[in-house]
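Dropping coords.cif in here (mmCIF, N, CA and C atoms):
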data_input
#
loop_
_atom_site.group_PDB
_atom_site.id
_atom_site.type_symbol
_atom_site.label_atom_id
_atom_site.label_comp_id
_atom_site.auth_asym_id
_atom_site.auth_seq_id
_atom_site.Cartn_x
_atom_site.Cartn_y
_atom_site.Cartn_z
ATOM 1 N N MET A 1 -2.757 21.355 58.382
ATOM 2 C CA MET A 1 -3.995 21.914 57.898
ATOM 3 C C MET A 1 -4.023 21.766 56.379
ATOM 4 N N ALA A 2 -5.073 21.149 55.863
ATOM 5 C CA ALA A 2 -5.203 20.915 54.424
ATOM 6 C C ALA A 2 -5.769 22.152 53.740
ATOM 7 N N ASP A 3 -5.292 22.407 52.536
ATOM 8 C CA ASP A 3 -5.806 23.517 51.733
ATOM 9 C C ASP A 3 -6.853 22.961 50.782
ATOM 10 N N ASP A 4 -8.117 23.273 51.041
ATOM 11 C CA ASP A 4 -9.213 22.778 50.208
ATOM 12 C C ASP A 4 -9.647 23.793 49.156
ATOM 13 N N SER A 5 -8.823 24.794 48.889
ATOM 14 C CA SER A 5 -9.166 25.812 47.895
ATOM 15 C C SER A 5 -9.188 25.201 46.506
ATOM 16 N N PRO A 6 -10.176 25.578 45.691
ATOM 17 C CA PRO A 6 -10.205 25.048 44.326
ATOM 18 C C PRO A 6 -9.059 25.627 43.491
ATOM 19 N N VAL A 7 -8.580 24.845 42.554
ATOM 20 C CA VAL A 7 -7.519 25.281 41.653
ATOM 21 C C VAL A 7 -8.159 25.648 40.320
ATOM 22 N N VAL A 8 -7.806 26.812 39.808
ATOM 23 C CA VAL A 8 -8.321 27.272 38.518
ATOM 24 C C VAL A 8 -7.130 27.513 37.603
ATOM 25 N N LYS A 9 -7.133 26.862 36.456
ATOM 26 C CA LYS A 9 -6.064 27.058 35.478
ATOM 27 C C LYS A 9 -6.408 28.286 34.632
ATOM 28 N N VAL A 10 -5.458 29.218 34.532
ATOM 29 C CA VAL A 10 -5.650 30.475 33.817
ATOM 30 C C VAL A 10 -4.686 30.535 32.641
ATOM 31 N N ALA A 11 -5.167 31.037 31.505
ATOM 32 C CA ALA A 11 -4.317 31.244 30.328
ATOM 33 C C ALA A 11 -4.268 32.737 30.020
ATOM 34 N N VAL A 12 -3.070 33.242 29.778
ATOM 35 C CA VAL A 12 -2.885 34.629 29.369
ATOM 36 C C VAL A 12 -2.422 34.607 27.921
ATOM 37 N N VAL A 13 -3.219 35.192 27.043
ATOM 38 C CA VAL A 13 -2.919 35.180 25.611
ATOM 39 C C VAL A 13 -2.047 36.385 25.269
ATOM 40 N N GLN A 14 -0.926 36.119 24.621
ATOM 41 C CA GLN A 14 -0.065 37.177 24.104
ATOM 42 C C GLN A 14 -0.063 37.029 22.587
ATOM 43 N N ALA A 15 -0.964 37.750 21.955
ATOM 44 C CA ALA A 15 -1.118 37.666 20.505
ATOM 45 C C ALA A 15 -1.523 39.041 19.991
ATOM 46 N N ALA A 16 -1.381 39.229 18.708
ATOM 47 C CA ALA A 16 -1.781 40.485 18.074
ATOM 48 C C ALA A 16 -3.079 40.272 17.311
ATOM 49 N N PRO A 17 -3.939 41.289 17.263
ATOM 50 C CA PRO A 17 -5.147 41.173 16.451
ATOM 51 C C PRO A 17 -4.791 41.195 14.966
ATOM 52 N N VAL A 18 -5.734 40.812 14.136
ATOM 53 C CA VAL A 18 -5.557 40.911 12.687
ATOM 54 C C VAL A 18 -5.879 42.359 12.324
ATOM 55 N N LEU A 19 -4.878 43.100 11.896
ATOM 56 C CA LEU A 19 -5.052 44.534 11.658
ATOM 57 C C LEU A 19 -6.159 44.828 10.658
ATOM 58 N N PHE A 20 -7.008 45.762 11.043
ATOM 59 C CA PHE A 20 -8.088 46.263 10.197
ATOM 60 C C PHE A 20 -9.093 45.193 9.791
ATOM 61 N N ASP A 21 -9.188 44.103 10.536
ATOM 62 C CA ASP A 21 -10.131 43.032 10.182
ATOM 63 C C ASP A 21 -10.760 42.469 11.458
ATOM 64 N N ARG A 22 -11.858 43.088 11.865
ATOM 65 C CA ARG A 22 -12.519 42.702 13.109
ATOM 66 C C ARG A 22 -12.997 41.259 13.067
ATOM 67 N N GLU A 23 -13.598 40.839 11.953
ATOM 68 C CA GLU A 23 -14.118 39.473 11.856
ATOM 69 C C GLU A 23 -13.000 38.435 11.984
ATOM 70 N N ALA A 24 -11.871 38.699 11.341
ATOM 71 C CA ALA A 24 -10.738 37.773 11.439
ATOM 72 C C ALA A 24 -10.170 37.763 12.859
ATOM 73 N N THR A 25 -10.194 38.909 13.522
ATOM 74 C CA THR A 25 -9.727 38.967 14.906
ATOM 75 C C THR A 25 -10.651 38.175 15.820
ATOM 76 N N VAL A 26 -11.953 38.274 15.597
ATOM 77 C CA VAL A 26 -12.909 37.492 16.388
ATOM 78 C C VAL A 26 -12.672 36.001 16.164
ATOM 79 N N GLU A 27 -12.438 35.597 14.935
ATOM 80 C CA GLU A 27 -12.164 34.185 14.639
ATOM 81 C C GLU A 27 -10.859 33.737 15.303
ATOM 82 N N LYS A 28 -9.837 34.585 15.258
ATOM 83 C CA LYS A 28 -8.565 34.262 15.913
ATOM 84 C C LYS A 28 -8.775 34.107 17.416
ATOM 85 N N THR A 29 -9.592 34.979 17.992
ATOM 86 C CA THR A 29 -9.915 34.891 19.417
ATOM 87 C C THR A 29 -10.612 33.579 19.727
ATOM 88 N N ARG A 30 -11.550 33.181 18.877
ATOM 89 C CA ARG A 30 -12.265 31.921 19.062
ATOM 90 C C ARG A 30 -11.302 30.737 19.035
ATOM 91 N N LEU A 31 -10.397 30.731 18.067
ATOM 92 C CA LEU A 31 -9.438 29.630 17.949
ATOM 93 C C LEU A 31 -8.474 29.581 19.140
ATOM 94 N N LEU A 32 -7.971 30.735 19.556
ATOM 95 C CA LEU A 32 -7.057 30.778 20.701
ATOM 96 C C LEU A 32 -7.766 30.367 21.993
ATOM 97 N N THR A 33 -9.030 30.759 22.120
ATOM 98 C CA THR A 33 -9.817 30.367 23.290
ATOM 99 C C THR A 33 -10.028 28.862 23.312
ATOM 100 N N ALA A 34 -10.368 28.289 22.161
ATOM 101 C CA ALA A 34 -10.572 26.838 22.077
ATOM 102 C C ALA A 34 -9.285 26.088 22.411
ATOM 103 N N GLU A 35 -8.151 26.594 21.926
ATOM 104 C CA GLU A 35 -6.868 25.938 22.217
ATOM 105 C C GLU A 35 -6.559 25.968 23.711
ATOM 106 N N ALA A 36 -6.745 27.136 24.322
ATOM 107 C CA ALA A 36 -6.468 27.250 25.758
ATOM 108 C C ALA A 36 -7.414 26.371 26.569
ATOM 109 N N ALA A 37 -8.675 26.335 26.183
ATOM 110 C CA ALA A 37 -9.650 25.497 26.893
ATOM 111 C C ALA A 37 -9.307 24.020 26.745
ATOM 112 N N SER A 38 -8.822 23.631 25.567
ATOM 113 C CA SER A 38 -8.460 22.225 25.359
ATOM 114 C C SER A 38 -7.269 21.812 26.223
ATOM 115 N N ARG A 39 -6.517 22.807 26.685
ATOM 116 C CA ARG A 39 -5.371 22.542 27.570
ATOM 117 C C ARG A 39 -5.753 22.706 29.045
ATOM 118 N N GLY A 40 -7.042 22.872 29.293
ATOM 119 C CA GLY A 40 -7.524 22.905 30.664
ATOM 120 C C GLY A 40 -7.762 24.273 31.267
ATOM 121 N N ALA A 41 -7.583 25.340 30.505
ATOM 122 C CA ALA A 41 -7.797 26.684 31.051
ATOM 123 C C ALA A 41 -9.284 26.923 31.289
ATOM 124 N N ARG A 42 -9.591 27.481 32.453
ATOM 125 C CA ARG A 42 -10.971 27.828 32.790
ATOM 126 C C ARG A 42 -11.194 29.333 32.688
ATOM 127 N N LEU A 43 -10.117 30.105 32.745
ATOM 128 C CA LEU A 43 -10.159 31.559 32.595
ATOM 129 C C LEU A 43 -9.104 31.922 31.563
ATOM 130 N N ILE A 44 -9.524 32.654 30.516
ATOM 131 C CA ILE A 44 -8.619 33.000 29.416
ATOM 132 C C ILE A 44 -8.630 34.520 29.275
ATOM 133 N N VAL A 45 -7.448 35.135 29.373
ATOM 134 C CA VAL A 45 -7.332 36.582 29.389
ATOM 135 C C VAL A 45 -6.638 37.054 28.116
ATOM 136 N N PHE A 46 -7.255 38.049 27.455
ATOM 137 C CA PHE A 46 -6.704 38.652 26.242
ATOM 138 C C PHE A 46 -6.285 40.092 26.540
ATOM 139 N N PRO A 47 -5.414 40.664 25.695
ATOM 140 C CA PRO A 47 -5.032 42.062 25.879
ATOM 141 C C PRO A 47 -6.251 42.987 25.773
ATOM 142 N N GLU A 48 -6.170 44.106 26.474
ATOM 143 C CA GLU A 48 -7.230 45.108 26.414
ATOM 144 C C GLU A 48 -7.420 45.576 24.971
ATOM 145 N N ALA A 49 -8.656 45.742 24.548
ATOM 146 C CA ALA A 49 -9.019 46.234 23.210
ATOM 147 C C ALA A 49 -8.523 45.314 22.098
ATOM 148 N N PHE A 50 -8.409 44.028 22.370
ATOM 149 C CA PHE A 50 -7.927 43.071 21.369
ATOM 150 C C PHE A 50 -8.913 42.935 20.213
ATOM 151 N N ILE A 51 -10.175 42.778 20.501
ATOM 152 C CA ILE A 51 -11.158 42.530 19.447
ATOM 153 C C ILE A 51 -11.440 43.744 18.561
ATOM 154 N N PRO A 52 -11.486 44.972 19.061
ATOM 155 C CA PRO A 52 -11.754 46.083 18.153
ATOM 156 C C PRO A 52 -10.757 46.233 17.014
ATOM 157 N N ALA A 53 -9.607 45.582 17.110
ATOM 158 C CA ALA A 53 -8.601 45.596 16.048
ATOM 159 C C ALA A 53 -8.031 46.982 15.797
ATOM 160 N N TYR A 54 -8.058 47.820 16.815
ATOM 161 C CA TYR A 54 -7.435 49.132 16.680
ATOM 162 C C TYR A 54 -5.930 48.955 16.743
ATOM 163 N N PRO A 55 -5.222 49.308 15.693
ATOM 164 C CA PRO A 55 -3.778 49.071 15.654
ATOM 165 C C PRO A 55 -3.016 49.974 16.618
ATOM 166 N N ARG A 56 -2.373 49.364 17.576
ATOM 167 C CA ARG A 56 -1.589 50.099 18.564
ATOM 168 C C ARG A 56 -0.439 50.828 17.870
ATOM 169 N N GLY A 57 -0.262 52.080 18.237
ATOM 170 C CA GLY A 57 0.844 52.853 17.701
ATOM 171 C C GLY A 57 0.484 53.695 16.486
ATOM 172 N N LEU A 58 -0.655 53.422 15.864
ATOM 173 C CA LEU A 58 -1.083 54.243 14.734
ATOM 174 C C LEU A 58 -1.993 55.346 15.254
ATOM 175 N N SER A 59 -1.710 56.581 14.902
ATOM 176 C CA SER A 59 -2.486 57.702 15.430
ATOM 177 C C SER A 59 -3.478 58.260 14.416
ATOM 178 N N PHE A 60 -3.374 57.868 13.150
ATOM 179 C CA PHE A 60 -4.269 58.361 12.105
ATOM 180 C C PHE A 60 -4.299 59.888 12.069
ATOM 181 N N GLY A 61 -3.161 60.499 12.353
ATOM 182 C CA GLY A 61 -3.044 61.947 12.258
ATOM 183 C C GLY A 61 -3.421 62.697 13.519
ATOM 184 N N THR A 62 -3.880 62.009 14.538
ATOM 185 C CA THR A 62 -4.226 62.665 15.792
ATOM 186 C C THR A 62 -3.919 61.733 16.951
ATOM 187 N N VAL A 63 -3.550 62.321 18.062
ATOM 188 C CA VAL A 63 -3.266 61.525 19.250
ATOM 189 C C VAL A 63 -4.560 61.342 20.023
ATOM 190 N N VAL A 64 -4.844 60.104 20.381
ATOM 191 C CA VAL A 64 -6.077 59.817 21.124
ATOM 192 C C VAL A 64 -5.751 59.683 22.585
#

Serialized structure, structure tokens:
Amino acid sequence: MADDSPVVKVAVVQAAPVLFDREATVEKTRLLTAEAASRGARLIVFPEAFIPAYPRGLSFGTVV
């Protein structure tokens, strides 16, 4: 029995945002997306809350 299921290449990005710079993080996301797409990725996954540039581990005096 032949498997006729389509194959989808997926890229998982492991990168850090540019701290305190949303515009630079968006540009970094654009560049990483273009690189993954140029390597054949059709689905590109980034870490949760990557673009807001909220620095993980910093509480700013309060726990969220």

| query | Which one of A:Ile51, A:Val8, A:Ala37, A:Leu43 sits closest to Asp21 of chain A if you count only C-alpha atoms? | reply |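 Going through A:Ile51, A:Val8, A:Ala37, A:Leu43 one by one, the smallest distance to Asp21 of chain A is for A:Ile51.
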
>> What would the selection look like, as JSON, numbers by chain, if the PyMOL selection byres ((chain A and resi 52) around 8) were run on the coordinates I just shared?
In response: {"A": [17, 18, 19, 20, 21, 22, 23, 25, 26, 48, 49, 50, 51, 53, 54, 55]}

Draw an axis-aligned box tight on the listed atoms of segment 30-43 of chain A, then pad every side by 5 Å and write out centre and edge lengths in Å to one decimal as lines of an AutoDock Vina configuration file.
center_x = -8.8
center_y = 27.5
center_z = 25.4
size_x = 16.9
size_y = 21.4
size_z = 24.8

Pairwise distance, atom N of Val12 of chain A with atom N of Ala24 of chain A, equals 21.1 Å

*asked:* When you look at Val10 of chain A with a cut-off of 8 Å (counting all atoms listed in the file), what residues show up, excluding the ones that are within fewer than 6 positions of it in the same chain? I need them as a ChimeraX atom specification.
replied: /A:36,40-45

In Å and to one decimal, atom N of Thr29 of chain A is distant from atom C of Pro6 of chain A by 27.2 Å

A straight line from atom CA of Gln14 of chain A to atom CA of Ser38 of chain A spans 17.2 Å

Please give the complete set of residues from segment 1-63 of chain A that DSSP, run on the backbone, assigns to alpha helix (DSSP H), formatted as a list in words.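 Filtering segment 1-63 of chain A down to alpha helix (DSSP H) leaves Arg22, Glu23, Ala24, Thr25, Val26, Glu27, Lys28, Thr29, Arg30, Leu31, Leu32, Thr33, Ala34, Glu35, Ala36, Ala37 and Ser38 of chain A.
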
Export, as an mmCIF file, keeping the file's coordinate frame, the selected residues with N, CA and C atoms.
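Contents of part.cif, as written:
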data_model
loop_
_atom_site.group_PDB
_atom_site.id
_atom_site.type_symbol
_atom_site.label_atom_id
_atom_site.label_comp_id
_atom_site.auth_asym_id
_atom_site.auth_seq_id
_atom_site.Cartn_x
_atom_site.Cartn_y
_atom_site.Cartn_z
ATOM 1 N N ARG A 22 -11.858 43.088 11.865
ATOM 2 C CA ARG A 22 -12.519 42.702 13.109
ATOM 3 C C ARG A 22 -12.997 41.259 13.067
ATOM 4 N N GLU A 23 -13.598 40.839 11.953
ATOM 5 C CA GLU A 23 -14.118 39.473 11.856
ATOM 6 C C GLU A 23 -13.000 38.435 11.984
ATOM 7 N N ALA A 24 -11.871 38.699 11.341
ATOM 8 C CA ALA A 24 -10.738 37.773 11.439
ATOM 9 C C ALA A 24 -10.170 37.763 12.859
ATOM 10 N N THR A 25 -10.194 38.909 13.522
ATOM 11 C CA THR A 25 -9.727 38.967 14.906
ATOM 12 C C THR A 25 -10.651 38.175 15.820
ATOM 13 N N VAL A 26 -11.953 38.274 15.597
ATOM 14 C CA VAL A 26 -12.909 37.492 16.388
ATOM 15 C C VAL A 26 -12.672 36.001 16.164
ATOM 16 N N GLU A 27 -12.438 35.597 14.935
ATOM 17 C CA GLU A 27 -12.164 34.185 14.639
ATOM 18 C C GLU A 27 -10.859 33.737 15.303
ATOM 19 N N LYS A 28 -9.837 34.585 15.258
ATOM 20 C CA LYS A 28 -8.565 34.262 15.913
ATOM 21 C C LYS A 28 -8.775 34.107 17.416
ATOM 22 N N THR A 29 -9.592 34.979 17.992
ATOM 23 C CA THR A 29 -9.915 34.891 19.417
ATOM 24 C C THR A 29 -10.612 33.579 19.727
ATOM 25 N N ARG A 30 -11.550 33.181 18.877
ATOM 26 C CA ARG A 30 -12.265 31.921 19.062
ATOM 27 C C ARG A 30 -11.302 30.737 19.035
ATOM 28 N N LEU A 31 -10.397 30.731 18.067
ATOM 29 C CA LEU A 31 -9.438 29.630 17.949
ATOM 30 C C LEU A 31 -8.474 29.581 19.140
ATOM 31 N N LEU A 32 -7.971 30.735 19.556
ATOM 32 C CA LEU A 32 -7.057 30.778 20.701
ATOM 33 C C LEU A 32 -7.766 30.367 21.993
ATOM 34 N N THR A 33 -9.030 30.759 22.120
ATOM 35 C CA THR A 33 -9.817 30.367 23.290
ATOM 36 C C THR A 33 -10.028 28.862 23.312
ATOM 37 N N ALA A 34 -10.368 28.289 22.161
ATOM 38 C CA ALA A 34 -10.572 26.838 22.077
ATOM 39 C C ALA A 34 -9.285 26.088 22.411
ATOM 40 N N GLU A 35 -8.151 26.594 21.926
ATOM 41 C CA GLU A 35 -6.868 25.938 22.217
ATOM 42 C C GLU A 35 -6.559 25.968 23.711
ATOM 43 N N ALA A 36 -6.745 27.136 24.322
ATOM 44 C CA ALA A 36 -6.468 27.250 25.758
ATOM 45 C C ALA A 36 -7.414 26.371 26.569
ATOM 46 N N ALA A 37 -8.675 26.335 26.183
ATOM 47 C CA ALA A 37 -9.650 25.497 26.893
ATOM 48 C C ALA A 37 -9.307 24.020 26.745
ATOM 49 N N SER A 38 -8.822 23.631 25.567
ATOM 50 C CA SER A 38 -8.460 22.225 25.359
ATOM 51 C C SER A 38 -7.269 21.812 26.223
#

Atoms kept (C-alpha atoms) for segment 6-59 of chain A, as a PDB file, in the first residue's frame:
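part27.pdb was written with the following content:
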ATOM      1  CA  PRO A   6       1.887  15.073   1.355  1.00  0.00           C
ATOM      2  CA  VAL A   7       5.217  15.857   3.002  1.00  0.00           C
ATOM      3  CA  VAL A   8       5.582  19.223   4.725  1.00  0.00           C
ATOM      4  CA  LYS A   9       8.997  20.460   5.818  1.00  0.00           C
ATOM      5  CA  VAL A  10       8.813  22.214   9.209  1.00  0.00           C
ATOM      6  CA  ALA A  11      11.411  24.496  10.816  1.00  0.00           C
ATOM      7  CA  VAL A  12      11.575  25.115  14.560  1.00  0.00           C
ATOM      8  CA  VAL A  13      13.437  28.320  15.396  1.00  0.00           C
ATOM      9  CA  GLN A  14      15.502  28.371  18.579  1.00  0.00           C
ATOM     10  CA  ALA A  15      16.569  31.986  18.895  1.00  0.00           C
ATOM     11  CA  ALA A  16      16.295  34.847  21.351  1.00  0.00           C
ATOM     12  CA  PRO A  17      14.512  38.126  20.637  1.00  0.00           C
ATOM     13  CA  VAL A  18      16.443  41.393  20.581  1.00  0.00           C
ATOM     14  CA  LEU A  19      15.885  42.615  24.136  1.00  0.00           C
ATOM     15  CA  PHE A  20      13.817  45.769  24.481  1.00  0.00           C
ATOM     16  CA  ASP A  21      13.699  46.306  20.699  1.00  0.00           C
ATOM     17  CA  ARG A  22      10.480  45.136  19.072  1.00  0.00           C
ATOM     18  CA  GLU A  23      11.375  46.451  15.605  1.00  0.00           C
ATOM     19  CA  ALA A  24      14.733  44.659  15.617  1.00  0.00           C
ATOM     20  CA  THR A  25      13.014  41.478  16.798  1.00  0.00           C
ATOM     21  CA  VAL A  26      10.512  41.719  13.937  1.00  0.00           C
ATOM     22  CA  GLU A  27      13.397  42.159  11.480  1.00  0.00           C
ATOM     23  CA  LYS A  28      15.226  39.177  13.014  1.00  0.00           C
ATOM     24  CA  THR A  29      12.029  37.144  12.646  1.00  0.00           C
ATOM     25  CA  ARG A  30      11.774  38.174   8.993  1.00  0.00           C
ATOM     26  CA  LEU A  31      15.372  37.147   8.300  1.00  0.00           C
ATOM     27  CA  LEU A  32      15.055  33.803  10.111  1.00  0.00           C
ATOM     28  CA  THR A  33      11.792  33.097   8.281  1.00  0.00           C
ATOM     29  CA  ALA A  34      13.394  33.869   4.914  1.00  0.00           C
ATOM     30  CA  GLU A  35      16.340  31.587   5.730  1.00  0.00           C
ATOM     31  CA  ALA A  36      14.093  28.698   6.740  1.00  0.00           C
ATOM     32  CA  ALA A  37      11.901  29.173   3.665  1.00  0.00           C
ATOM     33  CA  SER A  38      14.969  29.202   1.415  1.00  0.00           C
ATOM     34  CA  ARG A  39      15.807  25.770   2.848  1.00  0.00           C
ATOM     35  CA  GLY A  40      12.375  24.460   1.928  1.00  0.00           C
ATOM     36  CA  ALA A  41      10.399  24.968   5.143  1.00  0.00           C
ATOM     37  CA  ARG A  42       6.675  25.462   4.600  1.00  0.00           C
ATOM     38  CA  LEU A  43       5.823  25.852   8.307  1.00  0.00           C
ATOM     39  CA  ILE A  44       8.117  27.889  10.575  1.00  0.00           C
ATOM     40  CA  VAL A  45       7.572  27.857  14.342  1.00  0.00           C
ATOM     41  CA  PHE A  46       8.936  30.473  16.766  1.00  0.00           C
ATOM     42  CA  PRO A  47       8.926  30.479  20.581  1.00  0.00           C
ATOM     43  CA  GLU A  48       5.791  31.775  22.281  1.00  0.00           C
ATOM     44  CA  ALA A  49       5.846  35.578  22.803  1.00  0.00           C
ATOM     45  CA  PHE A  50       8.971  35.931  20.637  1.00  0.00           C
ATOM     46  CA  ILE A  51       7.962  39.163  18.913  1.00  0.00           C
ATOM     47  CA  PRO A  52       6.793  41.185  21.945  1.00  0.00           C
ATOM     48  CA  ALA A  53      10.435  41.120  23.101  1.00  0.00           C
ATOM     49  CA  TYR A  54       9.453  40.604  26.711  1.00  0.00           C
ATOM     50  CA  PRO A  55      12.673  39.456  28.366  1.00  0.00           C
ATOM     51  CA  ARG A  56      12.180  36.066  29.970  1.00  0.00           C
ATOM     52  CA  GLY A  57      13.268  35.952  33.583  1.00  0.00           C
ATOM     53  CA  LEU A  58      12.981  39.682  34.258  1.00  0.00           C
ATOM     54  CA  SER A  59      10.155  40.490  36.661  1.00  0.00           C
TER      55      SER A  59
END
